[in-house]
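Asks: Quick one: the structure is below, questions incoming.
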Protein chains: 2
Amino acid sequence: MRIVEIRVTPIAVPDVPLANTKGVHQSVFLRSVIELHTDCGRVGLGETYGATRTLNGLKAVAPTLDGLDPWHLNDLRRRVEMALPDAGGVNAPTALADHRVVDVVYSAFEIACLDLQGQQAGRPLHDLLGGAVRDTVSFGGYLFFKFAKRDLTFGPDILGEVMTPDALVAQARWLVDDHGFQSLKLKGGVLDPDQEIETMLKLREAFPQHPLRIDPMGAWTVPTALRVIDKLAGVLEYLEDPVRGMDAMAELSARTDMPLATNLVVVEFEQVIEAVRKDAVQIVLSDPHYWRGATGSIRLGEICRAAGLGVSMHSNSHLGISLAAMIHVAAATPGLSYDCDTHYPWSSREIVKGGRPVFVDGRLQVPKTPGLGVELDREALADLNSLYNRAMVADRDDTDEMKKYVPDYVRKVPRW
Amino acid sequence: MRIVEIRVTPIAVPDVPLANTKGVHQSVFLRSVIELHTDCGRVGLGETYGATRTLNGLKAVAPTLDGLDPWHLNDLRRRVEMALPDAGGVNAPTALADHRVVDVVYSAFEIACLDLQGQQAGRPLHDLLGGAVRDTVSFGGYLFFKFAKRDLTFGPDILGEVMTPDALVAQARWLVDDHGFQSLKLKGGVLDPDQEIETMLKLREAFPQHPLRIDPMGAWTVPTALRVIDKLAGVLEYLEDPVRGMDAMAELSARTDMPLATNLVVVEFEQVIEAVRKDAVQIVLSDPHYWRGATGSIRLGEICRAAGLGVSMHSNSHLGISLAAMIHVAAATPGLSYDCDTHYPWSSREIVKGGRPVFVDGRLQVPKTPGLGVELDREALADLNSLYNRAMVADRDDTDEMKKYVPDYVRKVPRW
């Protein structure tokens with residue numbers, strides 16, 4: 001089995017103005033869809049970020065994959081590294097923290113290769129990762145402060161403005177009612193910390209049994225984080241990236257019993273080692289989009305087990321190919337003991353056949369069909385590729401978008 | 001594909017009195033041969049230690065594997081852990097350092113499962129590990145001080161007594177001439193350190209281009225190790241387990257630039273983390289017999305890469321199934337930058353069809369056939385199982401054997 005054709009299709013998906021400490025989501029989010037066609041007529045699928053640096057990386061690597069055996073992941077890695085020397089980060093130079101282009105590009109193609117391996121072996125992808133340890137994967141409701149969407153050119157808003165604790169609780173109610181989520185995570189760092197503390201306390205009151213998390217993406221100083229922790233002790237299952245940078249996380253970790261999670265300071269294996277040396281975090285967020293693919297995410301789980309760290313799963317805005325990859329990885333990660341993040345309910349489109357899966361009690365079934373278990377809906381793909389060409393958005397810039405809502409907005413991390 | 005029959009066959013293989021700091025090899029070495037038979041008529045093979053604690057572990061787990069899908073390695077791990085709660089170490093209570101029974105037993109069955117996966121997928125085992133990054137695997141010559149064998153009941157001696165630097169150099173010449181080995185490793189800790197220093201210097205003189213190592217298995221104190229290092233600076237490519245225990249290794253490491261390797265203080269993933277925290281070693285020896293199998297060995301390689309550690313490969317006395325497993329793992333470990341250890345030239349028997357492979361320039365070809373690529377020679381297996389029953393040796397006890405040659409021998413680590 002050899003790869004004979006590689007397609008990389010950028011798409012834009014209508015989004016709503018979800019806020020974070022960098023700014024706010026644009027009118028569309030960008031994804032790249034990977035197709036690896038083989039000499040035996042199989043198609044392996046992958047999905048990853050769609051902004052310029054990733055897209056350019058994918059396109060630079062694609063021609064070098066001609067003739068690759070999809071089982072040869074070490075060869076894939078070598079080809080990616082050869083094609084992208086010194087490629088830097090996918091969000092550089094504006095990133096708070098960044099994922100390396102080589103890791104992101106490798107990951108996208110690796111998933112597509114594993115899809116092909118599974119198809120050839122007649123095995124679901126998770127069997128190539130050691131086998132599923134669960135029949136369903138549990139996701140949490142991802143809560144956002146947001147604006148009412150102004151520009152409806154590419155798609156409608158969802159539920160209007162949410163900029164108060166009470167409105168956020170109402171949003172949580174919607175997510176829980178519609179999808180049955182059993183835990184809730186707030187993208188914080190948007191309002192003043194006191195308002196976010198109030199929000200978490202109101203969520204606790206409204207959802208007494210739901211594990212709760214907040215992720216201010218490094219927006220707080222260590223003293224602010226300690227003040228928040230003091231108010232939310234016993235309320236949070238973990239606190240994600242409260243402060244910016246490995247050393248600030250280590251400083252905070254030394255001063256609190258609150259479990260600290262991260263997807264900002266630990267995004268490659270070298271940083272796991274650094275975090276262990278500095279005792280900086282207690283939980284690492286896995287993600288097959290940058291942790292050297294699905295096999296890398298499984299390896300992360302094993303390292304975390306050995307280091308006594310917990311494993312959770314990170315999400316970016318995504319569609320069904322990414323969702324399938326996340327489910328396979330989550331299914332085969334024994335140490336995953338938290339509900340996975342997902343932005344999935346915040347969009348309404350799909351590019352895989354059969355449409356959007358339905359969450360039951362916040363859970364999705366682990367596929368039993370060969371490979372990833374999803375097939376491309378080419379009409380839907382063409383439609384979102386056409387939107388990509390019309391939308392004229394080539395990069396994600398939440399800060400720039402924020403200025404449309406708050407003209408004098410200045411990005412600052414930490415802010416409080 | 002389901003496992004319907006599990007066979008565990010203990011065998012004894014004629015050995016020669018190779019010395020180490022614990023004592024000397026007995027007249028036979030023990031191995032266990034694993035066969036996993038499936039409902040589709042395939043047979044997956046594994047080979048591991050044969051002493052009582054391992055054999056009992058294998059036998060305790062075997063019946064619980066009925067019905068296992070060989071792709072479900074997480075399920076295999078679960079079954080092994082369930083069947084062997086608190087199973088301790090394979091060599092306890094006399095071990096210098098030990099491998100956990102659960103890891104050893106899991107590893108043996110995992111290799112056999114991967115053999116079945118590869119057969120079903122029509123792929124060599126290394127393709128299940130990310131694919132081969134080399135066409136041949138390079139082994140080093142493994143040198144031993146030894147006695148002239150007294151009891152020839154089970155097999156002949158090889159080259160008589162080797163207890164001086166000059167005799168050791170002659171042994172090295174034999175290994176290099178017969179197998180073409182490009183590097184040499186001495187099992188040290190046997191003679192006085194000054195004699196072993198002299199031995200290494202004579203090896204350097206006789207083989208000016210061969211990378212050289214010495215492994216005294218923790219026989220030295222830190223001051224002795226520093227004295228040896230002083231004499232052998234520039235002569236060794238690395239020094240393996242010069243002192244006993246993680247903390248002594250860390251103390252030595254802090255006081256020298258000599259790269260320190262280990263297969264004693266880092267034998268499970270938790271200990272990689274501890275070694276990183278303590279900066280105790282620079283090279284970790286991989287081995288699919290205890291590093292949670294082939295997949296675990298590959299994960300070790302990835303952790304070592306991230307931690308800036310080198311990877312080499314450990315060996316015990318073994319036959320062709322183990323050799324095949326070692327080759328597949330070595331082929332698919334990108335970071336492996338040293339010649340692998342192997343005891344293989346020190347025995348002359350084989351249990352796989354086609355007989356013993358021939359080293360060319362110290363190298364063996366990486367198999368391209370599905371699975372492990374070896375098939376059981378049942379006649380040879382029966383023969384060595386019969387020897388196991390006749391030899392009446394159920395455990396390895398090098399110290400007890402040593403007393404046959406040196407009646408007043410007292411085991412002591414560190415000795416110098």
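Residue names in the structure tokens use chain letters A, B, ... in the order shown, residue numbers from 1 in each chain, and ligand numbers from 1 in the order shown.
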Pull out every residue of chain A sitting within 10 Å of chain B, counting only C-alpha atoms, and send them as a PyMOL selection string.

Replies: chain A and resi 69-78+117-118+120-123+126-133+268-274+276-279+295-296+298-300+302-308+332-334

Asks: Within segment 25-263 of chain B, find each residue whose DSSP state, derived from the backbone, is strand (DSSP E), and express the selection as an mmCIF file with N, CA, C and O atoms, in the first residue's frame.

Replies:
```
data_model
loop_
_atom_site.group_PDB
_atom_site.id
_atom_site.type_symbol
_atom_site.label_atom_id
_atom_site.label_comp_id
_atom_site.auth_asym_id
_atom_site.auth_seq_id
_atom_site.Cartn_x
_atom_site.Cartn_y
_atom_site.Cartn_z
ATOM 1 N N VAL B 28 23.209 -24.637 32.368
ATOM 2 C CA VAL B 28 22.154 -24.313 31.393
ATOM 3 C C VAL B 28 21.581 -22.942 31.732
ATOM 4 O O VAL B 28 21.632 -22.510 32.890
ATOM 5 N N PHE B 29 21.067 -22.237 30.707
ATOM 6 C CA PHE B 29 20.218 -21.083 31.009
ATOM 7 C C PHE B 29 18.778 -21.460 30.673
ATOM 8 O O PHE B 29 18.532 -22.358 29.861
ATOM 9 N N LEU B 30 17.847 -20.787 31.335
ATOM 10 C CA LEU B 30 16.434 -21.156 31.252
ATOM 11 C C LEU B 30 15.652 -20.128 30.445
ATOM 12 O O LEU B 30 15.869 -18.922 30.587
ATOM 13 N N ARG B 31 14.766 -20.584 29.608
ATOM 14 C CA ARG B 31 13.869 -19.691 28.873
ATOM 15 C C ARG B 31 12.466 -20.291 28.902
ATOM 16 O O ARG B 31 12.291 -21.504 29.079
ATOM 17 N N SER B 32 11.480 -19.433 28.708
ATOM 18 C CA SER B 32 10.104 -19.885 28.515
ATOM 19 C C SER B 32 9.694 -19.511 27.099
ATOM 20 O O SER B 32 9.964 -18.398 26.652
ATOM 21 N N VAL B 33 9.073 -20.439 26.421
ATOM 22 C CA VAL B 33 8.601 -20.189 25.064
ATOM 23 C C VAL B 33 7.072 -20.131 25.080
ATOM 24 O O VAL B 33 6.404 -21.015 25.629
ATOM 25 N N ILE B 34 6.549 -19.032 24.536
ATOM 26 C CA ILE B 34 5.111 -18.769 24.526
ATOM 27 C C ILE B 34 4.551 -19.085 23.151
ATOM 28 O O ILE B 34 5.110 -18.663 22.145
ATOM 29 N N GLU B 35 3.440 -19.797 23.108
ATOM 30 C CA GLU B 35 2.680 -19.947 21.857
ATOM 31 C C GLU B 35 1.243 -19.506 22.119
ATOM 32 O O GLU B 35 0.593 -20.028 23.024
ATOM 33 N N LEU B 36 0.771 -18.572 21.327
ATOM 34 C CA LEU B 36 -0.643 -18.174 21.382
ATOM 35 C C LEU B 36 -1.307 -18.692 20.107
ATOM 36 O O LEU B 36 -0.976 -18.234 19.013
ATOM 37 N N HIS B 37 -2.197 -19.637 20.251
ATOM 38 C CA HIS B 37 -2.915 -20.203 19.099
ATOM 39 C C HIS B 37 -4.274 -19.508 18.970
ATOM 40 O O HIS B 37 -4.972 -19.313 19.962
ATOM 41 N N THR B 38 -4.642 -19.159 17.730
ATOM 42 C CA THR B 38 -5.894 -18.427 17.536
ATOM 43 C C THR B 38 -6.947 -19.305 16.859
ATOM 44 O O THR B 38 -6.631 -20.360 16.301
ATOM 45 N N VAL B 43 -0.348 -18.872 14.907
ATOM 46 C CA VAL B 43 0.387 -19.064 16.155
ATOM 47 C C VAL B 43 1.305 -17.864 16.362
ATOM 48 O O VAL B 43 2.129 -17.551 15.502
ATOM 49 N N GLY B 44 1.138 -17.176 17.486
ATOM 50 C CA GLY B 44 2.019 -16.065 17.845
ATOM 51 C C GLY B 44 3.059 -16.554 18.836
ATOM 52 O O GLY B 44 2.734 -17.304 19.762
ATOM 53 N N LEU B 45 4.304 -16.122 18.656
ATOM 54 C CA LEU B 45 5.405 -16.624 19.486
ATOM 55 C C LEU B 45 6.002 -15.550 20.392
ATOM 56 O O LEU B 45 6.069 -14.373 20.020
ATOM 57 N N GLY B 46 6.451 -16.004 21.551
ATOM 58 C CA GLY B 46 7.187 -15.143 22.470
ATOM 59 C C GLY B 46 8.241 -15.964 23.192
ATOM 60 O O GLY B 46 8.136 -17.195 23.250
ATOM 61 N N GLU B 47 9.243 -15.293 23.736
ATOM 62 C CA GLU B 47 10.300 -15.988 24.500
ATOM 63 C C GLU B 47 10.729 -15.069 25.633
ATOM 64 O O GLU B 47 10.906 -13.863 25.427
ATOM 65 N N THR B 48 10.859 -15.624 26.829
ATOM 66 C CA THR B 48 11.308 -14.795 27.952
ATOM 67 C C THR B 48 12.069 -15.647 28.960
ATOM 68 O O THR B 48 12.409 -16.801 28.679
ATOM 69 N N TYR B 49 12.328 -15.063 30.150
ATOM 70 C CA TYR B 49 13.042 -15.774 31.201
ATOM 71 C C TYR B 49 12.331 -17.081 31.538
ATOM 72 O O TYR B 49 11.114 -17.204 31.347
ATOM 73 N N THR B 136 19.383 -3.171 8.655
ATOM 74 C CA THR B 136 20.098 -4.150 9.477
ATOM 75 C C THR B 136 20.223 -3.585 10.882
ATOM 76 O O THR B 136 20.178 -2.373 11.082
ATOM 77 N N VAL B 137 20.378 -4.493 11.848
ATOM 78 C CA VAL B 137 20.603 -4.073 13.232
ATOM 79 C C VAL B 137 22.005 -4.507 13.628
ATOM 80 O O VAL B 137 22.410 -5.649 13.382
ATOM 81 N N SER B 138 22.725 -3.582 14.235
ATOM 82 C CA SER B 138 24.118 -3.815 14.573
ATOM 83 C C SER B 138 24.258 -4.248 16.033
ATOM 84 O O SER B 138 23.756 -3.569 16.929
ATOM 85 N N GLY B 141 30.025 -7.209 20.314
ATOM 86 C CA GLY B 141 30.554 -8.442 20.896
ATOM 87 C C GLY B 141 30.520 -8.359 22.420
ATOM 88 O O GLY B 141 30.988 -7.382 22.989
ATOM 89 N N TYR B 142 29.958 -9.398 23.050
ATOM 90 C CA TYR B 142 29.763 -9.379 24.509
ATOM 91 C C TYR B 142 30.845 -10.258 25.133
ATOM 92 O O TYR B 142 30.828 -11.475 24.989
ATOM 93 N N LEU B 143 31.788 -9.617 25.824
ATOM 94 C CA LEU B 143 32.959 -10.307 26.363
ATOM 95 C C LEU B 143 32.777 -10.651 27.833
ATOM 96 O O LEU B 143 32.242 -9.842 28.598
ATOM 97 N N PHE B 144 33.261 -11.832 28.205
ATOM 98 C CA PHE B 144 33.122 -12.285 29.593
ATOM 99 C C PHE B 144 34.421 -12.918 30.090
ATOM 100 O O PHE B 144 35.030 -13.723 29.373
ATOM 101 N N LEU B 184 32.602 -3.584 21.264
ATOM 102 C CA LEU B 184 32.844 -4.625 22.259
ATOM 103 C C LEU B 184 32.425 -4.159 23.642
ATOM 104 O O LEU B 184 32.673 -3.012 24.019
ATOM 105 N N LYS B 185 31.806 -5.065 24.383
ATOM 106 C CA LYS B 185 31.404 -4.757 25.753
ATOM 107 C C LYS B 185 31.905 -5.847 26.680
ATOM 108 O O LYS B 185 31.703 -7.026 26.403
ATOM 109 N N LEU B 186 32.547 -5.444 27.759
ATOM 110 C CA LEU B 186 33.023 -6.408 28.751
ATOM 111 C C LEU B 186 32.079 -6.445 29.948
ATOM 112 O O LEU B 186 31.752 -5.404 30.521
ATOM 113 N N LYS B 187 31.654 -7.646 30.317
ATOM 114 C CA LYS B 187 30.949 -7.807 31.594
ATOM 115 C C LYS B 187 32.006 -7.755 32.690
ATOM 116 O O LYS B 187 32.763 -8.707 32.878
ATOM 117 N N LEU B 212 34.165 0.820 22.862
ATOM 118 C CA LEU B 212 34.305 -0.126 23.982
ATOM 119 C C LEU B 212 33.427 0.291 25.160
ATOM 120 O O LEU B 212 33.274 1.482 25.434
ATOM 121 N N ARG B 213 32.874 -0.721 25.832
ATOM 122 C CA ARG B 213 32.099 -0.468 27.054
ATOM 123 C C ARG B 213 32.501 -1.482 28.112
ATOM 124 O O ARG B 213 32.976 -2.556 27.792
ATOM 125 N N ILE B 214 32.216 -1.124 29.362
ATOM 126 C CA ILE B 214 32.376 -2.095 30.446
ATOM 127 C C ILE B 214 31.184 -1.968 31.380
ATOM 128 O O ILE B 214 30.682 -0.856 31.605
ATOM 129 N N ASP B 215 30.712 -3.100 31.872
ATOM 130 C CA ASP B 215 29.514 -3.137 32.714
ATOM 131 C C ASP B 215 29.794 -3.968 33.954
ATOM 132 O O ASP B 215 29.628 -5.183 33.953
ATOM 133 N N LEU B 236 36.317 4.636 26.681
ATOM 134 C CA LEU B 236 34.970 4.054 26.696
ATOM 135 C C LEU B 236 33.966 4.930 25.940
ATOM 136 O O LEU B 236 34.019 6.153 26.017
ATOM 137 N N GLU B 237 33.032 4.279 25.239
ATOM 138 C CA GLU B 237 31.920 5.059 24.675
ATOM 139 C C GLU B 237 30.886 5.354 25.751
ATOM 140 O O GLU B 237 30.257 6.382 25.757
ATOM 141 N N TYR B 238 30.703 4.391 26.673
ATOM 142 C CA TYR B 238 29.944 4.670 27.899
ATOM 143 C C TYR B 238 30.301 3.645 28.956
ATOM 144 O O TYR B 238 30.888 2.597 28.658
ATOM 145 N N LEU B 239 29.930 3.981 30.175
ATOM 146 C CA LEU B 239 30.189 3.124 31.328
ATOM 147 C C LEU B 239 28.832 2.688 31.885
ATOM 148 O O LEU B 239 28.001 3.521 32.220
ATOM 149 N N GLU B 240 28.645 1.362 31.943
ATOM 150 C CA GLU B 240 27.316 0.851 32.302
ATOM 151 C C GLU B 240 27.273 0.401 33.755
ATOM 152 O O GLU B 240 28.086 -0.425 34.180
ATOM 153 N N LEU B 260 27.029 7.712 31.554
ATOM 154 C CA LEU B 260 26.663 6.538 32.356
ATOM 155 C C LEU B 260 25.407 5.895 31.773
ATOM 156 O O LEU B 260 24.418 6.575 31.504
ATOM 157 N N ALA B 261 25.466 4.587 31.576
ATOM 158 C CA ALA B 261 24.319 3.830 31.069
ATOM 159 C C ALA B 261 23.799 2.917 32.164
ATOM 160 O O ALA B 261 24.518 2.627 33.129
ATOM 161 N N THR B 262 22.561 2.462 32.007
ATOM 162 C CA THR B 262 22.023 1.548 33.015
ATOM 163 C C THR B 262 20.970 0.604 32.471
ATOM 164 O O THR B 262 20.184 0.974 31.597
#
```

Asks: For Met326 of chain A, work out the shell of residues within 7 Å, counting only C-alpha atoms and skipping chain neighbours fewer than 4 positions away, then give it as a VMD selection string.

Replies: chain A and resid 288 322 330

Asks: Please dump the current selection as a JSON list (two decimals), in the first residue's frame; keep N, CA, C and O atoms.

Replies:
```json
[["chain", "number", "residue", "atom", "x", "y", "z"],
["A", 288, "PRO", "N", -4.56, 14.75, 19.82],
["A", 288, "PRO", "CA", -3.88, 14.11, 18.68],
["A", 288, "PRO", "C", -3.52, 15.09, 17.57],
["A", 288, "PRO", "O", -2.84, 14.70, 16.63],
["A", 322, "SER", "N", -11.74, 15.25, 13.01],
["A", 322, "SER", "CA", -11.03, 15.47, 14.28],
["A", 322, "SER", "C", -11.75, 14.80, 15.44],
["A", 322, "SER", "O", -11.12, 14.19, 16.31],
["A", 330, "ALA", "N", -8.98, 8.83, 22.85],
["A", 330, "ALA", "CA", -9.56, 8.79, 24.21],
["A", 330, "ALA", "C", -9.92, 7.36, 24.59],
["A", 330, "ALA", "O", -9.68, 6.93, 25.73]]
```

Asks: What lies within 7 Å of segment 349-364 of chain A using only C-alpha atoms, ignoring chain neighbours under 2 positions off, as a PyMOL selection string?

Replies: chain A and resi 136-140+179-182+319-320+347+366+374-377+380-381

Asks: May I have all residues of segment 51-300 of chain B that DSSP, computed from the backbone, assigns to helix (DSSP H, G or I), given as a ChimeraX atom specification?

Replies: /B:52-65,73-83,101-121,125-129,165-179,193-206,222-232,246-254,269-278,293-300

Asks: Could the residues in this selection be saved with C-alpha atoms as a short mmCIF file (atom, residue, chain, number, x, y, z; two decimals), in the first residue's frame?

Replies:
```cif
data_model
loop_
_atom_site.label_atom_id
_atom_site.label_comp_id
_atom_site.auth_asym_id
_atom_site.auth_seq_id
_atom_site.Cartn_x
_atom_site.Cartn_y
_atom_site.Cartn_z
CA THR B 52 10.43 -20.05 38.63
CA ARG B 53 8.96 -16.63 39.33
CA THR B 54 8.57 -15.78 35.65
CA LEU B 55 7.37 -19.25 34.71
CA ASN B 56 4.80 -19.24 37.50
CA GLY B 57 3.66 -15.80 36.39
CA LEU B 58 3.24 -16.93 32.80
CA LYS B 59 1.32 -20.01 33.92
CA ALA B 60 -0.93 -17.99 36.22
CA VAL B 61 -1.82 -15.57 33.42
CA ALA B 62 -2.13 -18.10 30.57
CA PRO B 63 -5.64 -19.41 31.35
CA THR B 64 -6.97 -15.85 31.69
CA LEU B 65 -6.00 -15.07 28.08
CA LEU B 73 -2.97 -4.90 24.32
CA ASN B 74 -4.68 -2.74 26.93
CA ASP B 75 -6.93 -5.70 27.66
CA LEU B 76 -3.86 -7.96 27.86
CA ARG B 77 -2.29 -5.59 30.37
CA ARG B 78 -5.47 -5.57 32.44
CA ARG B 79 -5.66 -9.36 32.46
CA VAL B 80 -1.99 -9.70 33.47
CA GLU B 81 -2.41 -7.20 36.32
CA MET B 82 -5.58 -8.95 37.51
CA ALA B 83 -3.91 -12.38 37.50
CA VAL B 101 6.84 -9.96 37.12
CA VAL B 102 3.83 -8.12 35.63
CA ASP B 103 6.06 -6.26 33.17
CA VAL B 104 7.99 -9.38 32.17
CA VAL B 105 4.88 -11.52 31.75
CA TYR B 106 3.02 -8.78 29.89
CA SER B 107 6.04 -8.29 27.62
CA ALA B 108 6.28 -11.96 26.65
CA PHE B 109 2.60 -12.20 25.73
CA GLU B 110 2.64 -8.78 24.05
CA ILE B 111 5.34 -9.86 21.61
CA ALA B 112 3.29 -12.96 20.76
CA CYS B 113 0.20 -10.77 20.26
CA LEU B 114 2.15 -8.40 17.99
CA ASP B 115 3.38 -11.44 16.05
CA LEU B 116 -0.29 -12.36 15.48
CA GLN B 117 -1.23 -8.76 14.57
CA GLY B 118 1.55 -8.64 12.02
CA GLN B 119 0.56 -11.98 10.55
CA GLN B 120 -3.06 -10.86 10.22
CA ALA B 121 -2.15 -7.48 8.73
CA LEU B 125 6.18 -6.58 13.39
CA HIS B 126 8.29 -3.42 13.08
CA ASP B 127 5.58 -1.90 10.88
CA LEU B 128 3.28 -2.04 13.94
CA LEU B 129 5.91 0.00 15.79
CA PRO B 165 43.46 -9.32 30.23
CA ASP B 166 45.35 -11.14 27.47
CA ALA B 167 42.95 -14.08 27.41
CA LEU B 168 40.06 -11.63 27.22
CA VAL B 169 41.61 -9.91 24.22
CA ALA B 170 41.94 -13.32 22.55
CA GLN B 171 38.26 -13.96 23.23
CA ALA B 172 37.42 -10.62 21.67
CA ARG B 173 39.48 -11.56 18.62
CA TRP B 174 37.43 -14.76 18.27
CA LEU B 175 34.12 -12.89 18.50
CA VAL B 176 35.24 -10.23 16.05
CA ASP B 177 36.67 -12.74 13.59
CA ASP B 178 33.63 -15.01 13.71
CA HIS B 179 30.86 -12.41 13.73
CA PRO B 193 39.30 -2.99 38.91
CA ASP B 194 42.98 -2.47 38.03
CA GLN B 195 42.94 -5.69 36.01
CA GLU B 196 39.75 -4.64 34.29
CA ILE B 197 41.27 -1.24 33.48
CA GLU B 198 44.27 -3.09 32.01
CA THR B 199 41.85 -5.27 30.03
CA MET B 200 40.09 -2.28 28.51
CA LEU B 201 43.39 -0.63 27.63
CA LYS B 202 44.57 -3.83 25.94
CA LEU B 203 41.28 -4.06 24.05
CA ARG B 204 41.79 -0.49 22.92
CA GLU B 205 45.25 -1.37 21.69
CA ALA B 206 44.07 -4.49 19.87
CA VAL B 222 31.77 5.85 43.72
CA PRO B 223 35.46 6.51 44.51
CA THR B 224 36.48 3.32 42.68
CA ALA B 225 34.33 4.27 39.70
CA LEU B 226 35.96 7.71 39.62
CA ARG B 227 39.39 6.09 39.66
CA VAL B 228 38.43 3.78 36.77
CA ILE B 229 36.94 6.69 34.83
CA ASP B 230 40.15 8.63 35.30
CA LYS B 231 42.12 5.78 33.72
CA LEU B 232 39.63 5.07 30.94
CA MET B 246 19.97 5.30 41.59
CA ASP B 247 21.43 7.63 44.20
CA ALA B 248 24.99 6.38 43.78
CA MET B 249 24.60 6.71 40.00
CA ALA B 250 23.36 10.28 40.50
CA GLU B 251 26.28 11.07 42.80
CA LEU B 252 28.76 9.69 40.27
CA SER B 253 27.03 11.41 37.37
CA ALA B 254 27.39 14.77 39.13
CA PHE B 269 8.93 4.12 33.32
CA GLU B 270 8.61 5.47 36.85
CA GLN B 271 12.38 5.10 37.15
CA VAL B 272 12.97 7.07 33.95
CA ILE B 273 11.15 9.92 35.65
CA GLU B 274 13.19 9.45 38.83
CA ALA B 275 16.44 9.32 36.83
CA VAL B 276 15.49 12.53 35.03
CA ARG B 277 14.73 14.25 38.33
CA LYS B 278 18.06 13.11 39.78
CA GLY B 293 7.09 -5.31 25.42
CA ALA B 294 7.89 -3.93 22.02
CA THR B 295 5.45 -1.03 22.23
CA GLY B 296 6.85 -0.09 25.63
CA SER B 297 10.40 -0.21 24.29
CA ILE B 298 9.41 2.17 21.51
CA ARG B 299 7.79 4.49 24.09
CA LEU B 300 11.00 4.36 26.11
#
```

Asks: Would you work out the distance separating atom CA of Val190 of chain A from atom CA of Thr221 of chain A, expressed in Å to one decimal?

Replies: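 Atom CA of Thr221 of chain A lies 14.2 Å from atom CA of Val190 of chain A.
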
Asks: Give me, as a list in words, all polymer residues having an atom no more than 8 Å from Gly67 of chain B, counting only C-alpha atoms and skipping those fewer than 5 positions away in the same chain.

Replies: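 Surrounding residues, per the criterion: Arg2, Ile3 and Val4 of chain B.
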
Asks: May I have the selected residues written with all heavy atoms, as a PDB file, in the first residue's frame?

Replies:
```
ATOM      1  N   ARG B   2      -9.253 -14.535  17.795  1.00  0.00           N
ATOM      2  CA  ARG B   2      -9.268 -14.733  19.250  1.00  0.00           C
ATOM      3  C   ARG B   2      -8.271 -15.811  19.639  1.00  0.00           C
ATOM      4  O   ARG B   2      -8.067 -16.778  18.903  1.00  0.00           O
ATOM      5  CB  ARG B   2     -10.667 -15.200  19.692  1.00  0.00           C
ATOM      6  CG  ARG B   2     -11.778 -14.207  19.444  1.00  0.00           C
ATOM      7  CD  ARG B   2     -11.794 -13.122  20.496  1.00  0.00           C
ATOM      8  NE  ARG B   2     -12.662 -12.012  20.066  1.00  0.00           N
ATOM      9  CZ  ARG B   2     -12.871 -10.924  20.797  1.00  0.00           C
ATOM     10  NH1 ARG B   2     -12.286 -10.785  21.975  1.00  0.00           N
ATOM     11  NH2 ARG B   2     -13.638  -9.961  20.352  1.00  0.00           N
ATOM     12  N   ILE B   3      -7.706 -15.656  20.801  1.00  0.00           N
ATOM     13  CA  ILE B   3      -6.782 -16.673  21.310  1.00  0.00           C
ATOM     14  C   ILE B   3      -7.601 -17.807  21.923  1.00  0.00           C
ATOM     15  O   ILE B   3      -8.477 -17.579  22.753  1.00  0.00           O
ATOM     16  CB  ILE B   3      -5.831 -16.052  22.351  1.00  0.00           C
ATOM     17  CG1 ILE B   3      -4.883 -15.090  21.634  1.00  0.00           C
ATOM     18  CG2 ILE B   3      -5.043 -17.136  23.085  1.00  0.00           C
ATOM     19  CD1 ILE B   3      -4.134 -14.169  22.562  1.00  0.00           C
ATOM     20  N   VAL B   4      -7.284 -19.031  21.463  1.00  0.00           N
ATOM     21  CA  VAL B   4      -8.043 -20.184  21.959  1.00  0.00           C
ATOM     22  C   VAL B   4      -7.168 -21.185  22.705  1.00  0.00           C
ATOM     23  O   VAL B   4      -7.676 -22.071  23.389  1.00  0.00           O
ATOM     24  CB  VAL B   4      -8.779 -20.908  20.797  1.00  0.00           C
ATOM     25  CG1 VAL B   4      -9.874 -20.009  20.226  1.00  0.00           C
ATOM     26  CG2 VAL B   4      -7.816 -21.338  19.698  1.00  0.00           C
TER      27      VAL B   4
END
```

Asks: Tell me, in Å to one decimal, how far atom CA of Pro242 of chain B is from atom CA of Pro216 of chain B.

Replies: 5.6 Å

Asks: So, with only C-alpha atoms as the atoms that count, which of A:Pro407, A:Val8, A:Asn263, A:Val16 lies closest to Glu161 of chain A?

Replies: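 Of A:Pro407, A:Val8, A:Asn263, A:Val16, the one nearest Glu161 of chain A, counting only C-alpha atoms, is A:Val16.
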
Asks: For segment 18-22 of chain B, work out the shell of residues within 7 Å, counting only C-alpha atoms and skipping chain neighbours fewer than 6 positions away, then give it as JSON, numbers by chain.

Replies: {"B": [144, 145, 146, 147, 187, 188, 189, 190, 216, 217, 219, 398, 399, 411]}

Asks: So that I can check the surroundings of Met313 of chain A, please list as a VMD selection string every protein, DNA and RNA residue that reaches within 8 Å of it, counting only C-alpha atoms and ignoring chain neighbours fewer than 4 positions away.

Replies: chain A and resid 285 to 287 330 336 338 to 341
